[in-house]
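As stored in data_4.cif (mmCIF, C-alpha atoms and all ligand atoms):
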data_my_file
loop_
_atom_site.label_atom_id
_atom_site.label_comp_id
_atom_site.auth_asym_id
_atom_site.auth_seq_id
_atom_site.Cartn_x
_atom_site.Cartn_y
_atom_site.Cartn_z
CA MET A 1 45.80 50.91 107.04
CA LYS A 2 45.97 51.30 103.28
CA LYS A 3 47.95 48.68 101.34
CA SER A 4 51.30 49.97 100.20
CA ILE A 5 52.33 49.68 96.56
CA PRO A 6 56.05 49.01 96.31
CA PHE A 7 57.93 49.93 93.15
CA LEU A 8 58.74 46.25 92.56
CA GLU A 9 57.60 42.98 94.15
CA LEU A 10 60.03 40.26 93.14
CA ALA A 11 58.93 37.97 95.99
CA ALA A 12 55.27 38.06 94.87
CA MET A 13 56.20 37.08 91.35
CA HIS A 14 58.29 34.14 92.49
CA ALA A 15 55.72 32.97 95.04
CA ASP A 16 53.47 32.17 92.12
CA LEU A 17 56.21 30.16 90.38
CA ALA A 18 57.59 28.61 93.57
CA ASP A 19 56.53 25.02 92.82
CA GLU A 20 57.99 25.04 89.34
CA LEU A 21 61.21 26.74 90.41
CA GLN A 22 61.64 24.37 93.34
CA SER A 23 61.11 21.31 91.21
CA LYS A 24 63.60 22.66 88.66
CA PHE A 25 66.10 23.15 91.48
CA ALA A 26 65.46 19.65 92.85
CA HIS A 27 65.96 18.19 89.39
CA MET A 28 69.22 20.07 88.88
CA LEU A 29 70.49 19.13 92.32
CA GLN A 30 69.84 15.50 91.57
CA LYS A 31 71.48 15.73 88.15
CA GLY A 32 74.63 17.35 89.54
CA VAL A 33 75.53 19.51 86.52
CA PHE A 34 76.39 22.94 87.94
CA SER A 35 78.45 24.43 85.12
CA GLY A 36 77.67 24.15 81.41
CA GLY A 37 75.12 21.53 80.38
CA ASP A 38 71.71 21.12 78.78
CA GLU A 39 69.90 23.91 80.62
CA ILE A 40 72.24 26.46 79.04
CA ALA A 41 71.90 24.93 75.58
CA GLU A 42 68.10 24.97 75.95
CA LEU A 43 68.06 28.60 77.08
CA GLU A 44 70.27 29.65 74.17
CA ARG A 45 68.10 27.75 71.70
CA SER A 46 64.86 29.25 73.01
CA LEU A 47 66.22 32.78 73.04
CA ALA A 48 67.77 32.47 69.58
CA VAL A 49 64.31 31.48 68.28
CA TYR A 50 62.45 34.22 70.17
CA LEU A 51 64.95 36.92 69.16
CA LYS A 52 65.27 35.51 65.63
CA SER A 53 69.03 35.61 66.02
CA ARG A 54 71.48 33.22 64.35
CA HIS A 55 73.43 32.98 67.61
CA ALA A 56 72.47 33.51 71.26
CA ILE A 57 75.24 33.13 73.83
CA ALA A 58 74.34 33.05 77.51
CA CYS A 59 76.81 34.63 79.92
CA SER A 60 77.28 35.77 83.51
CA ASN A 61 75.57 39.20 83.37
CA GLY A 62 74.81 42.16 81.10
CA THR A 63 77.93 44.10 82.04
CA ASP A 64 80.20 41.21 81.10
CA ALA A 65 78.20 40.83 77.87
CA LEU A 66 79.04 44.44 76.93
CA GLU A 67 82.70 44.07 77.84
CA LEU A 68 83.04 40.77 75.99
CA ALA A 69 81.42 42.38 72.96
CA LEU A 70 84.02 45.18 72.92
CA ARG A 71 86.84 42.66 73.37
CA ALA A 72 85.53 40.45 70.58
CA LEU A 73 85.50 43.51 68.31
CA GLU A 74 89.09 44.27 69.39
CA ILE A 75 88.33 47.67 70.81
CA GLY A 76 91.01 48.90 73.16
CA PRO A 77 93.61 51.57 73.91
CA GLY A 78 93.66 54.44 71.40
CA ASP A 79 90.06 53.81 70.31
CA GLU A 80 87.09 56.07 71.02
CA VAL A 81 83.66 54.67 71.83
CA ILE A 82 80.55 56.87 71.77
CA VAL A 83 78.18 56.27 74.69
CA PRO A 84 74.96 58.11 75.63
CA ALA A 85 75.23 60.32 78.71
CA LEU A 86 72.06 58.85 80.23
CA THR A 87 72.31 55.13 80.92
CA TRP A 88 73.15 52.64 83.62
CA VAL A 89 76.82 53.00 84.50
CA SER A 90 77.81 49.64 82.93
CA THR A 91 77.59 51.03 79.40
CA ALA A 92 80.41 53.46 80.16
CA GLU A 93 82.37 51.29 82.58
CA VAL A 94 83.08 48.60 80.01
CA VAL A 95 84.73 51.11 77.67
CA LYS A 96 87.20 51.95 80.43
CA MET A 97 87.63 48.27 81.27
CA VAL A 98 88.95 47.54 77.77
CA GLY A 99 91.21 50.62 77.92
CA ALA A 100 89.38 52.67 75.28
CA GLU A 101 88.26 56.29 75.61
CA ILE A 102 84.62 57.19 76.30
CA VAL A 103 83.05 59.96 74.25
CA PHE A 104 79.77 60.89 75.91
CA CYS A 105 76.90 62.04 73.70
CA ASP A 106 73.71 63.80 74.82
CA VAL A 107 70.32 62.10 74.49
CA ASP A 108 66.98 63.07 72.94
CA SER A 109 63.79 63.77 74.88
CA ASN A 110 63.16 60.00 75.18
CA GLY A 111 66.55 59.48 76.83
CA LEU A 112 67.99 57.78 73.74
CA ILE A 113 71.31 58.66 72.09
CA ASN A 114 71.00 61.85 70.03
CA ILE A 115 71.96 60.50 66.62
CA ASP A 116 72.72 63.92 65.07
CA GLN A 117 75.09 64.73 67.87
CA MET A 118 76.61 61.25 67.68
CA GLU A 119 77.39 61.87 64.02
CA SER A 120 79.12 65.14 64.81
CA MET A 121 81.31 63.42 67.42
CA ILE A 122 82.76 60.83 65.07
CA THR A 123 86.52 61.14 64.56
CA LYS A 124 89.14 58.96 62.90
CA ARG A 125 89.56 57.18 66.23
CA THR A 126 85.88 56.32 66.67
CA LYS A 127 85.82 52.53 66.65
CA ALA A 128 82.38 51.81 68.12
CA VAL A 129 79.07 53.21 69.34
CA ILE A 130 76.97 51.71 72.12
CA PRO A 131 73.34 52.79 71.64
CA VAL A 132 71.21 51.99 74.70
CA HIS A 133 67.55 51.00 74.34
CA LEU A 134 66.81 52.87 77.55
CA TYR A 135 63.66 52.08 79.54
CA GLY A 136 62.91 49.41 76.90
CA LYS A 137 62.38 51.89 74.05
CA MET A 138 64.38 51.20 70.92
CA VAL A 139 66.83 53.62 69.38
CA ASN A 140 66.17 54.26 65.68
CA MET A 141 68.71 51.68 64.59
CA ASP A 142 68.19 52.06 60.85
CA ARG A 143 69.15 55.69 61.08
CA LEU A 144 72.07 55.07 63.40
CA LEU A 145 73.46 52.32 61.16
CA SER A 146 73.10 54.50 58.07
CA ILE A 147 75.77 56.70 59.70
CA THR A 148 78.04 54.09 61.31
CA LYS A 149 78.10 51.42 58.59
CA PRO A 150 79.67 53.43 55.75
CA LYS A 151 82.39 54.51 58.20
CA GLY A 152 83.11 50.95 59.38
CA ILE A 153 82.20 51.85 62.97
CA LYS A 154 81.12 48.86 65.05
CA VAL A 155 77.81 48.90 66.91
CA VAL A 156 77.25 47.12 70.20
CA GLU A 157 73.62 47.46 71.27
CA ASP A 158 72.97 47.74 74.97
CA ALA A 159 69.62 45.98 75.03
CA ALA A 160 69.90 45.15 78.75
CA GLN A 161 66.50 46.75 79.38
CA ALA A 162 64.90 45.86 76.06
CA LEU A 163 64.12 42.14 75.86
CA GLY A 164 60.77 41.96 74.10
CA ALA A 165 61.16 45.16 72.03
CA PHE A 166 61.03 44.64 68.26
CA LYS A 167 61.02 46.90 65.21
CA GLN A 168 59.11 45.36 62.33
CA GLY A 169 59.71 41.94 63.80
CA LYS A 170 63.44 42.47 64.37
CA SER A 171 64.56 42.40 67.98
CA ALA A 172 66.46 45.08 69.85
CA GLY A 173 70.05 43.87 69.86
CA ALA A 174 69.79 42.26 66.40
CA PHE A 175 70.67 45.36 64.37
CA GLY A 176 74.28 46.00 65.33
CA ASP A 177 77.31 43.71 65.32
CA ILE A 178 76.50 42.37 68.78
CA GLY A 179 73.49 42.84 71.08
CA CYS A 180 73.74 42.55 74.86
CA PHE A 181 70.96 41.66 77.32
CA SER A 182 70.75 41.45 81.09
CA PHE A 183 68.68 39.06 83.19
CA TYR A 184 69.27 41.06 86.37
CA PRO A 185 66.34 40.21 88.69
CA THR A 186 64.46 43.48 88.04
CA LYS A 187 64.47 43.12 84.24
CA ASN A 188 61.40 41.96 82.29
CA LEU A 189 62.95 38.50 82.27
CA GLY A 190 64.97 38.30 85.46
CA ALA A 191 67.08 35.45 86.82
CA LEU A 192 67.10 34.52 90.52
CA GLY A 193 70.53 36.08 90.53
CA GLU A 194 72.83 37.33 87.80
CA ALA A 195 72.81 36.37 84.13
CA GLY A 196 73.14 37.89 80.67
CA LEU A 197 73.08 37.17 76.95
CA LEU A 198 74.86 38.13 73.74
CA ILE A 199 73.37 37.84 70.28
CA THR A 200 75.05 38.09 66.91
CA ALA A 201 74.45 37.04 63.34
CA ASP A 202 78.18 36.61 62.73
CA ASP A 203 79.67 33.09 63.02
CA PHE A 204 83.18 34.40 63.69
CA LEU A 205 81.99 36.67 66.53
CA ASP A 206 79.87 33.87 67.98
CA ARG A 207 82.91 31.61 68.24
CA LYS A 208 85.11 34.37 69.60
CA LEU A 209 82.59 35.42 72.25
CA ARG A 210 82.19 31.80 73.35
CA LEU A 211 85.96 31.47 73.65
CA LEU A 212 86.37 34.75 75.53
CA LEU A 213 83.78 33.85 78.13
CA THR A 214 85.41 30.56 79.00
CA HIS A 215 89.18 31.03 79.20
CA GLY A 216 89.67 30.89 75.44
CA GLN A 217 88.97 27.14 75.59
CA PRO A 218 87.47 25.49 72.52
CA GLU A 219 87.93 22.19 74.38
CA ARG A 220 89.34 21.07 77.68
CA ASP A 221 92.97 22.11 78.27
CA VAL A 222 93.25 23.91 74.94
CA HIS A 223 93.52 27.70 75.22
CA GLU A 224 93.31 29.60 71.96
CA LEU A 225 93.23 33.08 73.41
CA ILE A 226 93.27 34.90 76.72
CA GLY A 227 89.76 34.87 78.07
CA ARG A 228 88.14 34.68 81.46
CA ASN A 229 85.20 33.09 83.24
CA SER A 230 81.98 34.87 82.30
CA ARG A 231 79.90 31.70 81.95
CA ILE A 232 76.28 31.77 82.97
CA ASP A 233 75.51 29.92 86.18
CA THR A 234 73.74 26.68 85.17
CA LEU A 235 71.15 27.08 87.95
CA GLN A 236 70.23 30.50 86.58
CA ALA A 237 69.83 29.05 83.10
CA GLY A 238 67.46 26.46 84.57
CA PHE A 239 65.40 29.10 86.37
CA LEU A 240 65.30 31.26 83.26
CA ASN A 241 64.00 28.28 81.26
CA VAL A 242 61.08 28.09 83.70
CA LYS A 243 60.41 31.83 83.60
CA LEU A 244 60.69 32.12 79.83
CA ASP A 245 57.35 30.29 79.47
CA TYR A 246 55.66 33.21 81.24
CA PHE A 247 57.44 36.00 79.45
CA LEU A 248 54.87 36.74 76.73
CA PRO A 249 51.85 36.94 79.07
CA TRP A 250 53.92 39.12 81.39
CA GLN A 251 54.66 41.43 78.49
CA GLN A 252 50.94 41.68 77.71
CA LYS A 253 50.22 42.54 81.32
CA ARG A 254 52.86 45.28 81.30
CA LYS A 255 51.24 46.82 78.21
CA LEU A 256 47.78 46.60 79.76
CA LEU A 257 48.96 48.41 82.89
CA ALA A 258 50.87 50.98 80.87
CA GLY A 259 47.64 51.67 78.95
CA ILE A 260 45.82 52.35 82.24
CA TYR A 261 48.50 54.79 83.31
CA LEU A 262 48.23 56.60 79.97
CA GLU A 263 44.45 56.76 80.13
CA HIS A 264 44.49 58.39 83.56
CA LEU A 265 47.57 60.56 83.40
CA GLN A 266 48.06 61.78 79.86
CA HIS A 267 45.70 64.73 80.22
CA ILE A 268 47.35 66.14 83.32
CA ARG A 269 49.14 69.36 82.44
CA GLY A 270 52.71 69.44 83.60
CA ILE A 271 53.51 65.73 83.20
CA SER A 272 54.90 64.16 80.08
CA MET A 273 54.25 60.52 79.29
CA PRO A 274 56.71 57.89 78.01
CA LYS A 275 56.42 58.08 74.22
CA GLY A 276 55.39 54.98 72.30
CA ILE A 277 55.21 52.70 75.32
CA LEU A 278 52.37 50.66 73.80
CA LYS A 279 54.21 50.16 70.52
CA GLU A 280 56.11 47.09 69.40
CA ASP A 281 59.48 48.83 69.71
CA HIS A 282 59.02 49.41 73.46
CA ASN A 283 58.94 46.52 75.92
CA ALA A 284 57.34 48.59 78.72
CA HIS A 285 60.27 47.89 81.04
CA LEU A 286 59.82 51.21 82.83
CA PHE A 287 56.94 53.67 82.89
CA THR A 288 58.81 56.94 83.19
CA ILE A 289 56.99 60.25 83.51
CA LYS A 290 58.66 63.65 83.47
CA LEU A 291 57.67 66.65 85.55
CA GLU A 292 59.32 69.71 87.08
CA GLU A 293 58.21 68.88 90.62
CA ARG A 294 59.57 65.34 90.45
CA ASP A 295 61.09 65.23 93.93
CA LYS A 296 57.95 66.65 95.53
CA LEU A 297 55.74 64.10 93.78
CA LYS A 298 58.09 61.29 94.76
CA GLY A 299 57.84 62.36 98.42
CA TYR A 300 54.06 62.81 98.19
CA LEU A 301 53.60 59.28 96.80
CA PHE A 302 56.05 57.83 99.32
CA ASP A 303 53.99 59.32 102.16
CA ARG A 304 51.00 57.47 100.73
CA GLY A 305 52.80 54.13 100.54
CA ILE A 306 53.58 54.27 96.82
CA GLY A 307 57.11 53.39 95.75
CA THR A 308 58.77 55.02 92.76
CA ALA A 309 62.33 55.09 91.39
CA ILE A 310 64.59 57.40 89.42
CA HIS A 311 66.41 56.17 86.32
CA TYR A 312 68.85 57.87 86.77
CA PRO A 313 69.42 60.73 89.20
CA LEU A 314 72.72 61.71 87.52
CA PRO A 315 73.89 61.39 83.92
CA VAL A 316 76.93 59.10 83.88
CA PRO A 317 79.44 61.87 82.93
CA ALA A 318 78.34 63.83 86.01
CA THR A 319 79.17 60.99 88.40
CA PRO A 320 82.44 61.60 90.25
CA VAL A 321 84.26 58.57 88.79
CA PHE A 322 83.67 59.74 85.23
CA SER A 323 83.61 63.51 85.90
CA ASP A 324 83.38 64.60 82.28
CA ASN A 325 82.80 68.34 81.87
CA GLY A 326 80.89 68.09 78.61
CA ASP A 327 77.52 69.73 78.12
CA PHE A 328 74.60 67.31 78.28
CA PRO A 329 71.54 69.54 78.75
CA ILE A 330 68.89 66.96 77.84
CA ALA A 331 70.43 64.18 79.92
CA ASN A 332 70.63 66.64 82.85
CA LYS A 333 67.04 67.70 82.37
CA ILE A 334 65.77 64.11 82.28
CA ALA A 335 67.85 63.18 85.32
CA SER A 336 66.23 65.98 87.33
CA THR A 337 62.64 65.49 86.10
CA THR A 338 62.10 61.77 85.48
CA LEU A 339 60.18 59.42 87.76
CA SER A 340 59.52 55.72 87.21
CA LEU A 341 56.14 54.46 88.41
CA PRO A 342 55.46 50.88 89.56
CA LEU A 343 55.05 48.60 86.54
CA HIS A 344 55.44 44.84 86.71
CA PRO A 345 53.30 41.85 85.78
CA TYR A 346 52.20 41.17 89.35
CA LEU A 347 50.79 44.63 89.85
CA GLY A 348 46.98 44.79 89.78
CA GLU A 349 44.92 47.13 87.61
CA ARG A 350 43.41 48.48 90.82
CA GLU A 351 46.83 49.31 92.18
CA VAL A 352 47.72 51.19 89.01
CA ARG A 353 44.51 53.19 89.37
CA LEU A 354 45.48 53.97 92.97
CA VAL A 355 48.87 55.26 91.82
CA CYS A 356 47.06 57.43 89.25
CA GLU A 357 44.70 58.75 91.93
CA GLY A 358 47.74 59.58 94.05
CA ILE A 359 49.25 61.58 91.20
CA GLN A 360 45.94 63.30 90.41
CA GLY A 361 45.67 64.19 94.12
CA PHE A 362 49.14 65.74 94.04
CA PHE A 363 48.16 67.98 91.13
CA ARG A 364 44.93 69.05 92.87
CA SER A 365 46.69 69.83 96.17
C1 LIG B 401 71.21 49.87 80.35
C2 LIG B 401 71.91 48.77 81.10
N1 LIG B 401 73.12 48.36 80.68
C3 LIG B 401 73.77 47.38 81.28
C4 LIG B 401 73.25 46.74 82.39
C5 LIG B 401 74.09 45.71 83.06
O1 LIG B 401 73.48 44.48 83.29
P1 LIG B 401 73.88 43.61 84.54
O2 LIG B 401 73.31 44.25 85.76
O3 LIG B 401 73.28 42.27 84.24
O4 LIG B 401 75.36 43.53 84.61
C6 LIG B 401 71.99 47.11 82.87
C7 LIG B 401 71.32 46.44 83.99
O5 LIG B 401 71.59 46.48 85.10
C8 LIG B 401 71.31 48.18 82.21
O6 LIG B 401 70.12 48.59 82.64
#
Would you mind giving the structure from this file in structure tokens?
Amino acid sequence: MKKSIPFLELAAMHADLADELQSKFAHMLQKGVFSGGDEIAELERSLAVYLKSRHAIACSNGTDALELALRALEIGPGDEVIVPALTWVSTAEVVKMVGAEIVFCDVDSNGLINIDQMESMITKRTKAVIPVHLYGKMVNMDRLLSITKPKGIKVVEDAAQALGAFKQGKSAGAFGDIGCFSFYPTKNLGALGEAGLLITADDFLDRKLRLLLTHGQPERDVHELIGRNSRIDTLQAGFLNVKLDYFLPWQQKRKLLAGIYLEHLQHIRGISMPKGILKEDHNAHLFTIKLEERDKLKGYLFDRGIGTAIHYPLPVPATPVFSDNGDFPIANKIASTTLSLPLHPYLGEREVRLVCEGIQGFFRS
């Protein structure tokens, strides 16, 4: 029987790191610090250095990071927040969670917020925009900020998928007022559970975010504002400290594999390739192709043991809970034609070639 190629293999990745992760766990168990502590401080320090950010604030997950960011910027009832129509649902959910109104905007052919359309949607009530660096490809932040800044509109970057993407040395998430990252297990740097991060260059926002994520407490039994518990789990911080040492080689491996996909697939008529995936401003989180016969190809590969995924089958406004009747032709088109191929650091070059052969076979059949 032929070996199957799953879309992701989280167990394989952690098998390799098992000794280190287990000894980290044993150390933390012995130490007995399960909330707060040095592991979190170390993670924040390392990520602040890597992202070249004045502040890095670890938290419970990427969704909470986004919601905390909106709360810190005092966005709430009566305010409008512009959100791209194609994203993971969290980006839109958090706007509702703070009581503000979502204004969905269509995307460009890369799945990123359409900046011209965003500009035309700005009203007196527009308080913030949440650009999403979807699939790990960065939005043109200079252009976006040239529109939002003069109008005093806040920018929260959803960089949940974009750790490792930089534009001229500046990280995704470092352009706006606050940048939000996720360490969900499938991300390029994934925890062994849930975790997230906020970055900001602003001292006031740093303090406020830190207060919000731990009951408004600057110190024990003092509550300066109404907050909540969105602290990172200390164990996850410890595991992330172990995994962070491997992040750069993993990124190189992703780029190498993405290059093999491009070499074998870019000449096939009828498929379009992810633009700029080998560039610095793309972290190769997902290798997304687009083709009319997406569902057929997905089935064809599945029958041959090759796993794929769809990011995302429905634009957020089309999902029943949001049911927004706006017109989002590009988001709809991407949702019906996009297919994500296996791409992770524990995938072999040979396996990538086999996926390519599968796709070539589909086009010959
Ligand atoms: C674009 C985007 N935004 C937000 C999130 C939310 O992150 P989390 O799952 O850590 O809450 C994710 C990841 O799942 C995401 O991909």
At a cut-off of 7 Å and counting all atoms listed in the file, what residues surround ligand LIG 401 (chain B)? Please answer as a tab-separated table (two decimals) with C-alpha atoms, in the coordinates of the input.
chain	number	residue	atom	x	y	z
A	61	ASN	CA	75.57	39.20	83.37
A	62	GLY	CA	74.81	42.16	81.10
A	63	THR	CA	77.93	44.10	82.04
A	64	ASP	CA	80.20	41.21	81.10
A	87	THR	CA	72.31	55.13	80.92
A	88	TRP	CA	73.15	52.64	83.62
A	90	SER	CA	77.81	49.64	82.93
A	91	THR	CA	77.59	51.03	79.40
A	132	VAL	CA	71.21	51.99	74.70
A	134	LEU	CA	66.81	52.87	77.55
A	158	ASP	CA	72.97	47.74	74.97
A	159	ALA	CA	69.62	45.98	75.03
A	160	ALA	CA	69.90	45.15	78.75
A	161	GLN	CA	66.50	46.75	79.38
A	182	SER	CA	70.75	41.45	81.09
A	183	PHE	CA	68.68	39.06	83.19
A	184	TYR	CA	69.27	41.06	86.37
A	194	GLU	CA	72.83	37.33	87.80
A	195	ALA	CA	72.81	36.37	84.13
A	196	GLY	CA	73.14	37.89	80.67
Check your understanding: If you count all atoms listed in the file, which residues fall within 12 Å of Ser60 of chain A, apart from same-chain ones fewer than 4 positions away, as a PyMOL selection string?
Key -> chain A and resi 35-36+40+64-68+180-184+191+193-198+210+213-214+228-237
Practice item. Show which residues sit within 10 Å of Pro249 of chain A, as a list in words. Count only C-alpha atoms, and ignore same-chain residues fewer than 5 positions away. Key: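 The residues satisfying every condition are Arg254, Lys255 and Pro345 of chain A.
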Point to revise | Residues within 12 Å of Phe25 of chain A, all atoms listed in the file, excluding chain neighbours under 6 positions, as number ranges by chain | key: A: 18-19, 31-34, 39, 192, 234-242
Restricting it to C-alpha atoms, dump the selection as a PDB file, in the coordinates of the input.
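File selection_6.pdb, as written:
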ATOM      1  CA  ALA A  18      57.590  28.610  93.570  1.00  0.00           C
ATOM      2  CA  ASP A  19      56.530  25.020  92.820  1.00  0.00           C
ATOM      3  CA  LYS A  31      71.480  15.730  88.150  1.00  0.00           C
ATOM      4  CA  GLY A  32      74.630  17.350  89.540  1.00  0.00           C
ATOM      5  CA  VAL A  33      75.530  19.510  86.520  1.00  0.00           C
ATOM      6  CA  PHE A  34      76.390  22.940  87.940  1.00  0.00           C
ATOM      7  CA  GLU A  39      69.900  23.910  80.620  1.00  0.00           C
ATOM      8  CA  LEU A 192      67.100  34.520  90.520  1.00  0.00           C
ATOM      9  CA  THR A 234      73.740  26.680  85.170  1.00  0.00           C
ATOM     10  CA  LEU A 235      71.150  27.080  87.950  1.00  0.00           C
ATOM     11  CA  GLN A 236      70.230  30.500  86.580  1.00  0.00           C
ATOM     12  CA  ALA A 237      69.830  29.050  83.100  1.00  0.00           C
ATOM     13  CA  GLY A 238      67.460  26.460  84.570  1.00  0.00           C
ATOM     14  CA  PHE A 239      65.400  29.100  86.370  1.00  0.00           C
ATOM     15  CA  LEU A 240      65.300  31.260  83.260  1.00  0.00           C
ATOM     16  CA  ASN A 241      64.000  28.280  81.260  1.00  0.00           C
ATOM     17  CA  VAL A 242      61.080  28.090  83.700  1.00  0.00           C
TER      18      VAL A 242
END
Review point. Taking into account all atoms listed in the file, which residue in the set A:Ile82, A:Asn114, A:Val89, A:Leu341 is nearest to Ala318 of chain A?
Key: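 Under the stated criterion, the closest residue is A:Val89.
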Exercise for review: Would you kindly return, as an MDAnalysis selection string, each protein, DNA or RNA residue with an atom no farther than 9 Å from any atom of Ala100 of chain A, considering all atoms listed in the file and excluding same-chain residues fewer than 5 positions away?
Suggested key: chainID A and resid 75:81 94:95
Revision key, fill the gap. Expressed in Å, the length from atom CA of Leu278 of chain A to atom CA of Ala172 of chain A is 15.7 Å
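Nearest-residue note for Ile271 of chain A: choosing from A:Leu297, A:Val316, A:Ile153, A:Leu112, the minimum distance belongs to A:Leu297, counting all atoms listed in the file.
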Review point. From the list A:Met28, A:Leu225, A:Leu265, A:Ala11, which residue is nearest Gly361 of chain A when using all atoms listed in the file?
Key: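 Among the listed residues, A:Leu265 lies closest to Gly361 of chain A.
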Could N, CA and C atoms be built for segment 54-70 of chain A and written out as a CSV table (one decimal), in the frame of the given file?
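Below is the file rebuild.csv, written as the result:
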chain,number,residue,atom,x,y,z
A,54,ARG,N,70.7,34.4,64.8
A,54,ARG,CA,71.5,33.2,64.4
A,54,ARG,C,72.2,32.6,65.6
A,55,HIS,N,72.7,33.5,66.4
A,55,HIS,CA,73.4,33.0,67.6
A,55,HIS,C,72.9,33.7,68.9
A,56,ALA,N,72.8,32.9,69.9
A,56,ALA,CA,72.5,33.5,71.3
A,56,ALA,C,73.4,32.8,72.2
A,57,ILE,N,74.2,33.6,73.0
A,57,ILE,CA,75.2,33.1,73.8
A,57,ILE,C,75.0,33.6,75.3
A,58,ALA,N,74.6,32.7,76.1
A,58,ALA,CA,74.3,33.0,77.5
A,58,ALA,C,75.7,33.4,78.2
A,59,CYS,N,75.6,34.3,79.2
A,59,CYS,CA,76.8,34.6,79.9
A,59,CYS,C,76.4,35.1,81.3
A,60,SER,N,77.4,35.5,82.1
A,60,SER,CA,77.3,35.8,83.5
A,60,SER,C,76.4,37.0,83.9
A,61,ASN,N,76.4,38.0,83.1
A,61,ASN,CA,75.6,39.2,83.4
A,61,ASN,C,75.7,40.2,82.2
A,62,GLY,N,74.9,41.2,82.2
A,62,GLY,CA,74.8,42.2,81.1
A,62,GLY,C,76.1,43.0,81.0
A,63,THR,N,76.7,43.3,82.1
A,63,THR,CA,77.9,44.1,82.0
A,63,THR,C,79.0,43.3,81.4
A,64,ASP,N,79.2,42.1,81.8
A,64,ASP,CA,80.2,41.2,81.1
A,64,ASP,C,79.9,41.1,79.6
A,65,ALA,N,78.6,41.0,79.3
A,65,ALA,CA,78.2,40.8,77.9
A,65,ALA,C,78.8,42.0,77.1
A,66,LEU,N,78.6,43.2,77.6
A,66,LEU,CA,79.0,44.4,76.9
A,66,LEU,C,80.6,44.4,76.8
A,67,GLU,N,81.2,44.1,77.9
A,67,GLU,CA,82.7,44.1,77.8
A,67,GLU,C,83.2,43.0,76.9
A,68,LEU,N,82.6,41.8,76.9
A,68,LEU,CA,83.0,40.8,76.0
A,68,LEU,C,82.8,41.2,74.5
A,69,ALA,N,81.7,41.9,74.3
A,69,ALA,CA,81.4,42.4,73.0
A,69,ALA,C,82.5,43.3,72.5
A,70,LEU,N,82.9,44.3,73.3
A,70,LEU,CA,84.0,45.2,72.9
A,70,LEU,C,85.3,44.4,72.7
